[in-house]
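Asks: Data: coords20.tsv, TSV, C-alpha atoms.
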chain	number	residue	atom	x	y	z
A	1176	MET	CA	0.00	0.00	0.00
A	1177	GLY	CA	1.44	3.35	-1.09
A	1178	ILE	CA	1.13	6.69	0.62
A	1179	ARG	CA	-1.83	7.69	-1.57
A	1180	GLU	CA	-3.76	4.51	-0.68
A	1181	ALA	CA	-2.94	4.90	3.03
A	1182	ILE	CA	-4.22	8.48	2.98
A	1183	ILE	CA	-7.43	7.36	1.23
A	1184	VAL	CA	-7.95	4.63	3.84
A	1185	ALA	CA	-7.39	7.12	6.67
A	1186	LEU	CA	-9.84	9.64	5.19
A	1187	GLY	CA	-12.35	6.84	4.65
A	1188	THR	CA	-12.05	5.92	8.33
A	1189	LEU	CA	-12.72	9.56	9.24
A	1190	ARG	CA	-15.87	9.61	7.10
A	1191	ALA	CA	-17.12	6.27	8.36
A	1192	HIS	CA	-16.84	7.23	12.03
A	1193	LYS	CA	-17.51	10.99	12.05
A	1194	LEU	CA	-18.35	11.42	15.72
A	1195	ARG	CA	-15.53	9.14	16.90
A	1196	SER	CA	-13.11	10.95	14.62
A	1197	PHE	CA	-14.20	14.35	15.92
A	1198	LEU	CA	-13.80	13.27	19.53
A	1199	THR	CA	-10.45	11.71	18.67
A	1200	LEU	CA	-9.17	14.94	17.14
A	1201	LEU	CA	-10.71	17.30	19.70
A	1202	GLY	CA	-7.49	17.66	21.70
A	1203	VAL	CA	-5.45	18.40	18.59
A	1204	ILE	CA	-8.08	20.86	17.30
A	1205	ILE	CA	-8.20	22.79	20.59
A	1206	SER	CA	-4.42	22.91	20.97
A	1207	VAL	CA	-3.75	24.07	17.41
A	1208	CYS	CA	-6.58	26.60	17.55
A	1209	THR	CA	-5.23	28.02	20.82
A	1210	LEU	CA	-1.65	28.06	19.58
A	1211	VAL	CA	-2.43	29.85	16.31
A	1212	ALA	CA	-4.84	32.33	17.95
A	1213	VAL	CA	-2.27	33.28	20.62
A	1214	VAL	CA	0.48	33.72	18.04
A	1215	ALA	CA	-1.87	35.85	15.92
A	1216	MET	CA	-2.74	38.03	18.91
A	1217	VAL	CA	0.87	38.46	20.09
A	1218	GLN	CA	2.08	39.16	16.56
A	1219	GLY	CA	-0.69	41.67	15.93
A	1220	VAL	CA	-0.25	43.46	19.25
A	1221	ASN	CA	3.54	43.63	18.89
A	1222	THR	CA	3.26	45.07	15.40
A	1223	TYR	CA	0.61	47.53	16.54
A	1224	VAL	CA	2.55	48.72	19.59
A	1225	GLY	CA	5.74	48.87	17.56
A	1226	SER	CA	4.09	51.12	14.98
A	1227	LYS	CA	2.78	53.43	17.72
A	1228	ILE	CA	6.20	53.70	19.34
A	1229	ALA	CA	7.87	54.15	15.95
A	1230	ARG	CA	5.64	57.15	15.32
A	1231	LEU	CA	7.23	58.84	18.32
A	1232	GLY	CA	10.60	58.63	16.61
A	1233	SER	CA	13.45	56.21	17.12
A	1234	ASN	CA	15.80	59.00	18.24
A	1235	ILE	CA	13.63	60.15	21.14
A	1236	PHE	CA	13.84	59.16	24.78
A	1237	SER	CA	12.48	60.55	28.03
A	1238	VAL	CA	13.87	61.51	31.43
A	1239	SER	CA	11.36	60.90	34.19
A	1240	GLN	CA	11.08	60.60	37.94
A	1241	PHE	CA	11.03	56.79	37.80
A	1242	SER	CA	12.92	54.23	35.74
A	1243	LEU	CA	11.16	51.54	33.73
A	1244	ASN	CA	12.16	48.87	36.24
A	1245	GLU	CA	10.66	50.91	39.07
A	1246	MET	CA	7.44	51.57	37.20
A	1247	THR	CA	6.91	47.88	36.46
A	1248	ASN	CA	7.63	46.56	39.95
A	1249	PRO	CA	5.26	47.59	42.80
A	1250	VAL	CA	7.87	47.15	45.55
A	1251	ARG	CA	10.56	49.11	43.72
A	1252	PHE	CA	8.01	51.74	42.72
A	1253	MET	CA	6.91	52.41	46.31
A	1254	ARG	CA	10.56	52.62	47.40
A	1255	ALA	CA	11.40	54.99	44.52
A	1256	LYS	CA	8.37	57.13	45.30
A	1257	GLU	CA	9.93	57.91	48.66
A	1258	THR	CA	13.49	58.46	47.43
A	1259	ASN	CA	13.27	59.87	43.90
A	1260	PRO	CA	12.78	63.67	43.84
A	1261	ILE	CA	10.33	65.04	41.32
A	1262	ILE	CA	11.70	66.71	38.21
A	1263	ARG	CA	10.99	70.44	38.33
A	1264	TYR	CA	11.09	73.29	35.84
A	1265	PRO	CA	14.58	74.46	36.99
A	1266	ASP	CA	15.87	70.96	36.16
A	1267	TYR	CA	14.52	71.40	32.64
A	1268	GLN	CA	16.20	74.80	32.36
A	1269	PHE	CA	19.50	73.39	33.65
A	1270	LEU	CA	19.52	70.61	31.07
A	1271	ARG	CA	18.60	72.95	28.22
A	1272	ALA	CA	21.40	75.32	29.22
A	1273	ASN	CA	24.11	72.68	29.59
A	1274	ALA	CA	23.31	69.84	27.17
A	1275	ARG	CA	25.18	69.98	23.87
A	1276	LEU	CA	24.18	66.84	21.99
A	1277	PRO	CA	20.33	66.88	21.89
A	1278	ARG	CA	18.51	68.43	18.95
A	1279	ALA	CA	15.70	69.47	21.30
A	1280	ILE	CA	14.61	69.06	24.92
A	1281	GLY	CA	10.92	69.42	25.71
A	1282	ALA	CA	8.98	69.10	28.95
A	1283	GLN	CA	5.46	68.02	29.82
A	1284	THR	CA	3.32	66.99	32.75
A	1285	GLN	CA	-0.28	65.88	32.90
A	1286	ARG	CA	-3.40	65.01	34.85
A	1287	THR	CA	-7.01	64.19	34.03
A	1288	GLY	CA	-9.97	66.51	34.41
A	1289	THR	CA	-13.29	67.70	32.99
A	1290	VAL	CA	-13.58	70.09	30.06
A	1291	LYS	CA	-16.79	72.11	29.51
A	1292	HIS	CA	-18.31	74.32	26.84
A	1293	ASN	CA	-21.83	75.81	26.74
A	1294	GLY	CA	-23.31	73.25	29.13
A	1295	ARG	CA	-21.58	70.30	27.54
A	1296	ALA	CA	-18.93	68.41	29.49
A	1297	LEU	CA	-16.35	65.77	28.66
A	1298	ASP	CA	-14.82	63.79	31.52
A	1299	GLU	CA	-11.49	61.98	31.86
A	1300	VAL	CA	-9.74	64.39	29.53
A	1301	ASN	CA	-5.94	64.29	29.52
A	1302	ILE	CA	-4.83	67.80	30.50
A	1303	SER	CA	-1.16	68.37	29.68
A	1304	GLY	CA	1.17	71.26	30.36
A	1305	VAL	CA	3.83	71.23	27.61
A	1306	THR	CA	6.62	73.35	26.23
A	1307	PRO	CA	6.20	74.46	22.59
A	1308	ASN	CA	9.12	72.39	21.29
A	1309	VAL	CA	7.49	69.02	22.08
A	1310	LEU	CA	5.45	69.17	18.86
A	1311	GLY	CA	8.18	67.51	16.81
A	1312	MET	CA	8.40	64.69	19.36
A	1313	LEU	CA	4.69	63.82	19.50
A	1314	ALA	CA	2.75	61.35	17.39
A	1315	PHE	CA	0.39	63.93	15.85
A	1316	GLN	CA	0.62	67.06	13.73
A	1317	VAL	CA	-1.42	70.28	13.56
A	1318	ALA	CA	-4.62	69.75	11.60
A	1319	ASN	CA	-6.09	73.22	12.08
A	1320	GLY	CA	-4.80	76.46	13.59
A	1321	ARG	CA	-1.40	76.43	15.30
A	1322	PHE	CA	0.47	74.79	18.15
A	1323	LEU	CA	1.60	76.52	21.32
A	1324	ALA	CA	4.24	79.22	20.73
A	1325	PRO	CA	7.19	80.35	22.91
A	1326	THR	CA	5.36	83.62	23.55
A	1327	ASP	CA	2.42	81.65	25.00
A	1328	GLU	CA	4.85	79.99	27.40
A	1329	GLN	CA	6.52	83.26	28.37
A	1330	ARG	CA	3.23	85.11	28.96
A	1331	ARG	CA	1.60	82.11	30.70
A	1332	ALA	CA	-1.23	82.59	28.23
A	1333	TYR	CA	-4.60	80.91	28.66
A	1334	VAL	CA	-4.58	79.19	25.28
A	1335	ALA	CA	-5.21	75.53	24.45
A	1336	PHE	CA	-4.34	73.06	21.73
A	1337	VAL	CA	-6.96	70.29	21.66
A	1338	GLY	CA	-7.53	66.80	20.30
A	1339	PRO	CA	-10.31	65.89	17.84
A	1340	ASP	CA	-12.49	64.39	20.60
A	1341	ILE	CA	-12.87	67.84	22.16
A	1342	VAL	CA	-14.09	69.23	18.83
A	1343	THR	CA	-16.50	66.34	18.28
A	1344	HIS	CA	-18.07	66.19	21.75
A	1345	LEU	CA	-18.11	69.85	22.76
A	1346	PHE	CA	-18.48	71.65	19.43
A	1347	GLY	CA	-20.35	69.09	17.35
A	1348	GLY	CA	-17.54	69.02	14.81
A	1349	ALA	CA	-17.72	72.79	14.15
A	1350	ASN	CA	-14.58	74.89	13.87
A	1351	PRO	CA	-13.50	75.63	17.47
A	1352	LEU	CA	-10.69	78.11	16.72
A	1353	GLY	CA	-11.06	81.30	18.72
A	1354	ARG	CA	-13.75	79.80	20.94
A	1355	HIS	CA	-13.36	79.05	24.64
A	1356	ILE	CA	-13.47	76.02	26.91
A	1357	LEU	CA	-13.46	75.67	30.68
A	1358	VAL	CA	-10.71	73.47	32.14
A	1359	SER	CA	-10.84	73.10	35.93
A	1360	GLY	CA	-12.88	76.30	36.06
A	1361	GLN	CA	-10.38	78.33	34.03
A	1362	GLN	CA	-11.27	79.65	30.58
A	1363	TYR	CA	-8.92	78.93	27.64
A	1364	GLU	CA	-9.01	80.03	24.02
A	1365	ILE	CA	-8.58	77.23	21.48
A	1366	ILE	CA	-5.76	78.04	19.06
A	1367	GLY	CA	-5.29	74.70	17.31
A	1368	VAL	CA	-6.56	71.17	16.71
A	1369	ALA	CA	-4.45	68.03	16.33
A	1370	THR	CA	-4.67	65.35	13.67
A	1371	ALA	CA	-6.55	62.22	14.72
A	1372	GLN	CA	-4.54	59.38	16.24
A	1373	GLY	CA	-7.35	56.88	16.80
A	1374	ASP	CA	-7.60	54.34	19.60
A	1375	VAL	CA	-5.04	52.18	21.34
A	1376	PHE	CA	-6.74	49.03	22.67
A	1377	GLY	CA	-10.05	50.89	22.76
A	1378	GLN	CA	-8.62	53.93	24.56
A	1379	SER	CA	-8.93	57.15	22.57
A	1380	GLN	CA	-5.69	59.05	21.99
A	1381	ASP	CA	-7.55	62.18	20.85
A	1382	ASN	CA	-9.15	63.11	24.16
A	1383	PHE	CA	-6.69	65.77	25.35
A	1384	VAL	CA	-6.08	69.46	25.99
A	1385	MET	CA	-2.58	70.94	25.91
A	1386	ILE	CA	-1.74	74.25	27.56
A	1387	PRO	CA	1.61	76.02	28.13
A	1388	LEU	CA	3.64	74.36	30.88
A	1389	ARG	CA	4.08	77.62	32.83
A	1390	THR	CA	0.32	78.22	32.62
A	1391	TYR	CA	-0.27	74.67	33.90
A	1392	GLN	CA	2.02	75.30	36.88
A	1393	LYS	CA	0.36	78.65	37.52
A	1394	ILE	CA	-3.03	76.91	37.82
A	1395	TYR	CA	-2.13	73.56	39.40
A	1396	GLY	CA	1.14	74.36	41.17
A	1397	ASN	CA	4.53	72.76	40.59
A	1398	GLN	CA	4.11	69.60	42.63
A	1399	ASP	CA	3.53	67.40	39.56
A	1400	SER	CA	6.77	65.88	38.29
A	1401	ILE	CA	7.83	66.89	34.78
A	1402	THR	CA	8.80	64.40	32.10
A	1403	LEU	CA	11.55	65.57	29.77
A	1404	ASP	CA	11.40	64.51	26.11
A	1405	VAL	CA	14.81	64.49	24.46
A	1406	GLN	CA	15.45	64.24	20.74
A	1407	ALA	CA	18.91	63.13	19.62
A	1408	ARG	CA	20.45	64.45	16.41
A	1409	GLY	CA	20.52	60.98	14.91
A	1410	ALA	CA	20.52	57.26	15.66
A	1411	ARG	CA	24.32	57.17	15.93
A	1412	LEU	CA	24.31	59.93	18.56
A	1413	LEU	CA	21.45	58.45	20.58
A	1414	PRO	CA	23.61	56.47	23.08
A	1415	ALA	CA	25.94	59.44	23.61
A	1416	THR	CA	22.97	61.78	24.08
A	1417	MET	CA	21.45	59.45	26.68
A	1418	ASP	CA	24.79	59.29	28.49
A	1419	GLU	CA	25.08	63.08	28.48
A	1420	MET	CA	21.59	63.51	29.92
A	1421	GLU	CA	22.31	60.91	32.60
A	1422	MET	CA	25.56	62.66	33.52
A	1423	LEU	CA	23.91	66.08	33.71
A	1424	MET	CA	21.05	64.74	35.83
A	1425	ARG	CA	23.53	63.14	38.23
A	1426	VAL	CA	25.43	66.43	38.47
A	1427	ARG	CA	22.16	68.28	39.04
A	1428	ARG	CA	21.22	65.82	41.80
A	1429	HIS	CA	24.75	65.88	43.34
A	1430	LEU	CA	25.04	62.09	43.16
A	1431	SER	CA	28.41	60.55	43.97
A	1432	TRP	CA	29.97	57.91	41.75
A	1433	ASN	CA	28.69	54.99	43.87
A	1434	GLU	CA	25.09	56.22	44.23
A	1435	LYS	CA	22.36	54.86	42.00
A	1436	ASN	CA	20.31	57.08	39.73
A	1437	ASN	CA	17.23	58.53	41.42
A	1438	PHE	CA	15.58	59.20	38.06
A	1439	GLY	CA	14.83	57.20	34.93
A	1440	ILE	CA	15.93	57.39	31.30
A	1441	ILE	CA	13.51	55.52	29.05
A	1442	GLY	CA	14.03	54.90	25.34
A	1443	SER	CA	11.71	53.36	22.75
A	1444	ASP	CA	13.91	50.24	22.58
A	1445	ALA	CA	13.44	49.69	26.33
A	1446	LEU	CA	9.68	50.05	25.96
A	1447	MET	CA	9.59	47.51	23.14
A	1448	THR	CA	11.81	45.12	25.11
A	1449	LEU	CA	9.48	45.38	28.09
A	1450	TRP	CA	6.43	44.87	25.89
A	1451	HIS	CA	7.93	41.82	24.20
A	1452	THR	CA	8.79	40.41	27.62
A	1453	LEU	CA	5.19	40.81	28.78
A	1454	THR	CA	3.63	39.35	25.64
A	1455	GLY	CA	6.28	36.62	25.58
A	1456	ALA	CA	5.32	35.56	29.10
A	1457	ILE	CA	1.65	35.40	28.13
A	1458	ALA	CA	2.46	33.48	24.97
A	1459	SER	CA	4.65	31.01	26.89
A	1460	VAL	CA	1.81	30.16	29.25
A	1461	MET	CA	-0.66	29.69	26.41
A	1462	VAL	CA	1.81	27.64	24.37
A	1463	GLY	CA	2.36	25.42	27.41
A	1464	VAL	CA	-1.40	24.89	27.71
A	1465	SER	CA	-1.55	24.13	23.98
A	1466	PHE	CA	1.13	21.46	24.26
A	1467	VAL	CA	-0.74	19.83	27.13
A	1468	PHE	CA	-3.77	19.57	24.85
A	1469	LEU	CA	-1.52	18.24	22.09
A	1470	VAL	CA	-0.19	15.48	24.34
A	1471	VAL	CA	-3.73	14.57	25.42
A	1472	GLY	CA	-4.84	14.58	21.79
A	1473	GLY	CA	-1.87	12.42	20.83
A	1474	ILE	CA	-2.70	9.87	23.54
A	1475	VAL	CA	-6.29	9.71	22.31
A	1476	ILE	CA	-5.06	9.17	18.75
A	1477	MET	CA	-2.78	6.36	19.97
A	1478	ASN	CA	-5.70	4.68	21.74
A	1479	ILE	CA	-7.87	4.91	18.64
A	1480	MET	CA	-5.08	3.53	16.47
A	1481	LEU	CA	-4.64	0.63	18.91
A	1482	ALA	CA	-8.35	-0.07	18.57
A	1483	ALA	CA	-7.99	0.14	14.77
A	1484	VAL	CA	-5.17	-2.40	14.85
A	1485	THR	CA	-7.39	-4.77	16.85
A	1486	GLU	CA	-10.32	-4.28	14.46
A	1487	ARG	CA	-8.14	-4.87	11.41
A	1488	THR	CA	-5.99	-7.74	12.68
A	1489	GLN	CA	-7.29	-10.17	10.04
A	1490	GLU	CA	-6.70	-7.57	7.32
A	1491	VAL	CA	-3.09	-7.30	8.48
A	1492	GLY	CA	-2.77	-11.08	8.45
A	1493	THR	CA	-4.16	-11.31	4.92
A	1494	ARG	CA	-1.80	-8.62	3.64
A	1495	LYS	CA	1.19	-10.35	5.23
A	1496	ALA	CA	0.08	-13.69	3.82
A	1497	VAL	CA	0.14	-12.28	0.28
A	1498	GLY	CA	3.61	-10.78	0.66
A	1499	ALA	CA	3.30	-7.48	2.54
A	1500	ARG	CA	6.48	-6.67	4.41
A	1501	ARG	CA	6.69	-5.57	8.02
A	1502	SER	CA	7.70	-2.07	6.87
A	1503	ASP	CA	4.58	-1.88	4.63
A	1504	ILE	CA	2.26	-2.48	7.61
A	1505	LEU	CA	4.25	-0.06	9.78
A	1506	TRP	CA	4.11	2.65	7.12
A	1507	GLN	CA	0.37	2.19	6.53
A	1508	PHE	CA	-0.62	2.77	10.14
A	1509	LEU	CA	1.88	5.60	10.61
A	1510	VAL	CA	0.42	7.43	7.60
A	1511	GLU	CA	-3.11	6.91	8.89
A	1512	SER	CA	-2.17	8.31	12.31
A	1513	ALA	CA	-0.42	11.30	10.73
A	1514	VAL	CA	-3.39	12.02	8.47
A	1515	LEU	CA	-5.73	11.95	11.46
A	1516	SER	CA	-3.70	14.51	13.38
A	1517	THR	CA	-3.06	16.66	10.28
A	1518	VAL	CA	-6.80	16.92	9.64
A	1519	GLY	CA	-7.21	17.97	13.28
A	1520	GLY	CA	-4.49	20.59	12.81
A	1521	LEU	CA	-6.14	21.98	9.67
A	1522	ILE	CA	-9.51	22.21	11.45
A	1523	GLY	CA	-7.79	23.97	14.37
A	1524	VAL	CA	-6.17	26.50	12.00
A	1525	LEU	CA	-9.53	27.18	10.35
A	1526	LEU	CA	-11.20	27.74	13.72
A	1527	ALA	CA	-8.34	30.02	14.80
A	1528	TYR	CA	-8.71	32.04	11.60
A	1529	LEU	CA	-12.46	32.45	12.16
A	1530	PHE	CA	-11.79	33.39	15.79
A	1531	THR	CA	-9.28	36.09	14.82
A	1532	LEU	CA	-11.76	37.55	12.34
A	1533	ALA	CA	-14.54	37.66	14.93
A	1534	ALA	CA	-12.32	38.93	17.75
A	1535	GLY	CA	-10.78	41.57	15.52
A	1536	ALA	CA	-14.24	42.87	14.63
A	1537	LEU	CA	-15.66	42.80	18.17
A	1538	THR	CA	-12.66	43.84	20.29
A	1539	PRO	CA	-9.96	46.53	20.03
A	1540	ILE	CA	-7.22	43.87	20.10
A	1541	PRO	CA	-5.43	43.68	16.74
A	1542	PHE	CA	-4.73	40.24	15.25
A	1543	SER	CA	-2.18	39.29	12.63
A	1544	LEU	CA	-2.10	35.68	11.42
A	1545	PRO	CA	1.41	34.91	10.11
A	1546	LEU	CA	1.73	32.17	7.50
A	1547	GLY	CA	4.70	30.72	9.35
A	1548	ALA	CA	2.58	30.05	12.44
A	1549	VAL	CA	-0.04	28.25	10.34
A	1550	VAL	CA	2.56	26.02	8.68
A	1551	LEU	CA	4.28	25.34	12.00
A	1552	ALA	CA	1.00	24.40	13.70
A	1553	VAL	CA	0.10	21.93	10.94
A	1554	VAL	CA	3.61	20.43	10.97
A	1555	ILE	CA	3.52	20.03	14.76
A	1556	SER	CA	0.12	18.34	14.63
A	1557	THR	CA	1.43	15.95	11.95
A	1558	LEU	CA	4.50	15.13	14.04
A	1559	VAL	CA	2.27	14.45	17.04
A	1560	GLY	CA	0.33	11.92	14.96
A	1561	LEU	CA	3.53	10.26	13.81
A	1562	PHE	CA	4.99	10.12	17.32
A	1563	PHE	CA	1.91	8.66	18.99
A	1564	GLY	CA	1.25	6.36	16.05
A	1565	VAL	CA	4.59	4.57	16.33
A	1566	TYR	CA	3.50	2.12	19.03
A	1567	PRO	CA	0.19	1.04	17.37
A	1568	ALA	CA	1.95	0.77	13.99
A	1569	SER	CA	4.81	-1.32	15.40
A	1570	LYS	CA	2.29	-3.55	17.19
A	1571	ALA	CA	0.50	-4.17	13.89
A	1572	ALA	CA	3.78	-4.75	12.06
A	1573	ARG	CA	4.89	-7.41	14.59
A	1574	LEU	CA	1.79	-9.58	14.02
A	1575	THR	CA	2.50	-12.91	12.34
A	1576	PRO	CA	0.20	-13.96	9.46
A	1577	ILE	CA	-1.04	-17.14	11.18
A	1578	ALA	CA	-1.80	-15.44	14.54
A	1579	ALA	CA	-3.49	-12.52	12.78
A	1580	LEU	CA	-5.68	-14.72	10.55
A	1581	HIS	CA	-6.81	-16.87	13.46
A	1582	SER	CA	-7.71	-13.91	15.68
A	1583	GLU	CA	-11.33	-13.07	16.46
A	1584	VAL	CA	-12.53	-9.47	16.50
Rewrite the coordinates I just gave you, this time as C-alpha cells.
Replies:
Amino acid sequence: MGIREAIIVALGTLRAHKLRSFLTLLGVIISVCTLVAVVAMVQGVNTYVGSKIARLGSNIFSVSQFSLNEMTNPVRFMRAKETNPIIRYPDYQFLRANARLPRAIGAQTQRTGTVKHNGRALDEVNISGVTPNVLGMLAFQVANGRFLAPTDEQRRAYVAFVGPDIVTHLFGGANPLGRHILVSGQQYEIIGVATAQGDVFGQSQDNFVMIPLRTYQKIYGNQDSITLDVQARGARLLPATMDEMEMLMRVRRHLSWNEKNNFGIIGSDALMTLWHTLTGAIASVMVGVSFVFLVVGGIVIMNIMLAAVTERTQEVGTRKAVGARRSDILWQFLVESAVLSTVGGLIGVLLAYLFTLAAGALTPIPFSLPLGAVVLAVVISTLVGLFFGVYPASKAARLTPIAALHSEV
C-alpha cells in the first residue's frame, strides 16, 4: 500500500466514524486553535505597539522621575516614590542650558480633568502642560490652527491646543478656533486642533487638551513631576545623548559615583523590550497549555489507532500472507495516524482564523495571522500523529500472518 492509498484509507475511516473521529481529534483541534490564535494576537499586538512607538521617533527618549524597572515593579516603585525627587522646571532649564548633543529638549506633565463648553462636558480628559518644542516629538501634527508658541509659554497665556475628541463632543464638529473652553474652572481660548490618532486598545488618543507648561504650573502648582522629552540628532548619537543627559542629571542631583540614579531614562527600545517580555510571558503560558492539549490529543489518537489495529488484525494477516512486508504495515498505520492529526491541525487552523476575524471585529485587540505560524502548527500536529502512532503501527507490524488470521474481532 502506497502513501496515496494509506491516505485514502485514513480519510475513509474519518468519514465512516464521524463522531468518533471528531472526539479523537478534539485535543489536537483545541491545541492548534489556541496556539495559532495566541500567536496571531501576540504578533498583531507587537506590530501595533511597535508602529505606535515608531511614530514617536526612534531618536527620542524621556527623562522621568522613575525608571522603567521601578514603574513595572510595585515594591521598587513604592521605594522609589519615597526616594526619587520630582523633576521640576529648573531641572529642565539646567539641562537645556548645559546639554550639547540633543537636537531638542521638551517638557510636559499631565493630569485628568473635565472640560466644559456651553453646558456640555467631557470627563477623563488628559490635560497636559507642555513646552512648545514638544510638537516635533509627539505622534500627531497640527490639523487646524497652530500649536503653542514660545510667547504663549513666556506670557503664561490661557490658550489651548486640543484633540479631535474635544471638537466632536463639545463643538459638534464645528470649527473651534477662537472659541473658549473651561478646564478646571479656568477659561482657555482654542488656538489649534491636532490630527486624529485613533484608539489604542479601545482607549482614545484624541481626548486631550494641551496648555503652556508655565500656565499649567500657575493653575495647578509645581508639585507634579515633569517628564523631559529628548530628541537626539541621529541614531548614531542616541547612546551618547542618553549618556550626556544621565551625567547632567547626576550632576544636578549631586550624586556621587557609587550612588544609583534617582531618576529614569527611558528609550523606545526599552519600551519595546518590556512589551515583548510581557507578551512573551503570556504566549509562553498559552503555548504550554496548547502542548498539554496536544499530548492529550496524541494519547487519544494512539488509543484509537490501537483499537484500529485490533479491528483490522485479520486484514493485516491477509496482507502479510500475500507478501506485505513488516515495513509496509508499519508505514500504513503511521500514515493513517499522521493524516488523522493533520486533519485535526487543519480544522484547528480554520477555527483560529475564524476566531481572529470575529475577535478583531468585536474587540480593540489587533490580530495578525502569520503564514509561518499556520505552517508550524500543521507540521507540529502531523509530528504528534507520527509520534503517537509509532506504538500502534509497530504492534500491527509485529503480528504474524497465522496469529493474525486466526484472531477473532
Asks: Please compute the atom CA of Ala1534 of chain A-atom CA of Val1460 of chain A distance, one decimal, in Å.
Replies: 20.2 Å
Asks: Of the residues A:Leu1423, A:Leu1323, A:Leu1551, A:Leu1198, which is the one nearest to Ile1476 of chain A, using only C-alpha atoms?
Replies: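 Among A:Leu1423, A:Leu1323, A:Leu1551, A:Leu1198, it is A:Leu1198 that comes nearest to Ile1476 of chain A.
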Asks: Could you tell me which of A:Gln1392, A:Asn1259, A:Gln1268, A:Thr1370 comes closest to Ser1303 of chain A if we count only C-alpha atoms?
Replies: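 Counting only C-alpha atoms, the residue closest to Ser1303 of chain A is A:Gln1392.
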Asks: Given the choices A:Gly1547, A:Pro1351, A:Pro1307, A:Gly1535, which gets closest to Asp1327 of chain A if the distance is worked out from only C-alpha atoms?
Replies: A:Pro1307
Asks: Rounded to one decimal in Å, what is the spacing between atom CA of Leu1509 of chain A and atom CA of Ser1465 of chain A?
Replies: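 Atom CA of Leu1509 of chain A sits 23.1 Å away from atom CA of Ser1465 of chain A.
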Asks: Expressed in Å to a single decimal, how great is the separation between atom CA of Phe1336 of chain A and atom CA of Phe1383 of chain A?
Replies: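 Separation of atom CA of Phe1336 of chain A and atom CA of Phe1383 of chain A: 8.5 Å.
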Asks: Given the point (25.6, 58.5, 38.1) in the file's coordinates, find the residues that have an atom at most 12 Å from it, counting all atoms listed in the file, and give them as a list in words.
Replies: Asp1418, Glu1419, Met1420, Glu1421, Met1422, Leu1423, Met1424, Arg1425, Val1426, Arg1427, Arg1428, His1429, Leu1430, Ser1431, Trp1432, Asn1433, Glu1434, Lys1435, Asn1436, Asn1437, Phe1438, Gly1439 and Ile1440 of chain A
Asks: Pull C-alpha atoms for segment 1349-1372 of chain A from the block and write them as an mmCIF file, in the first residue's frame.
Replies:
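Result file is out.cif:
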data_model
loop_
_atom_site.group_PDB
_atom_site.id
_atom_site.type_symbol
_atom_site.label_atom_id
_atom_site.label_comp_id
_atom_site.auth_asym_id
_atom_site.auth_seq_id
_atom_site.Cartn_x
_atom_site.Cartn_y
_atom_site.Cartn_z
ATOM 1 C CA ALA A 1349 -17.723 72.786 14.148
ATOM 2 C CA ASN A 1350 -14.580 74.886 13.865
ATOM 3 C CA PRO A 1351 -13.496 75.631 17.470
ATOM 4 C CA LEU A 1352 -10.690 78.107 16.721
ATOM 5 C CA GLY A 1353 -11.062 81.303 18.720
ATOM 6 C CA ARG A 1354 -13.755 79.797 20.940
ATOM 7 C CA HIS A 1355 -13.355 79.050 24.635
ATOM 8 C CA ILE A 1356 -13.470 76.019 26.908
ATOM 9 C CA LEU A 1357 -13.455 75.670 30.683
ATOM 10 C CA VAL A 1358 -10.711 73.473 32.137
ATOM 11 C CA SER A 1359 -10.845 73.099 35.927
ATOM 12 C CA GLY A 1360 -12.884 76.299 36.063
ATOM 13 C CA GLN A 1361 -10.378 78.329 34.027
ATOM 14 C CA GLN A 1362 -11.267 79.648 30.576
ATOM 15 C CA TYR A 1363 -8.918 78.930 27.644
ATOM 16 C CA GLU A 1364 -9.008 80.033 24.022
ATOM 17 C CA ILE A 1365 -8.577 77.232 21.480
ATOM 18 C CA ILE A 1366 -5.761 78.045 19.061
ATOM 19 C CA GLY A 1367 -5.289 74.703 17.308
ATOM 20 C CA VAL A 1368 -6.558 71.172 16.714
ATOM 21 C CA ALA A 1369 -4.448 68.030 16.330
ATOM 22 C CA THR A 1370 -4.674 65.350 13.666
ATOM 23 C CA ALA A 1371 -6.553 62.222 14.723
ATOM 24 C CA GLN A 1372 -4.537 59.377 16.237
#
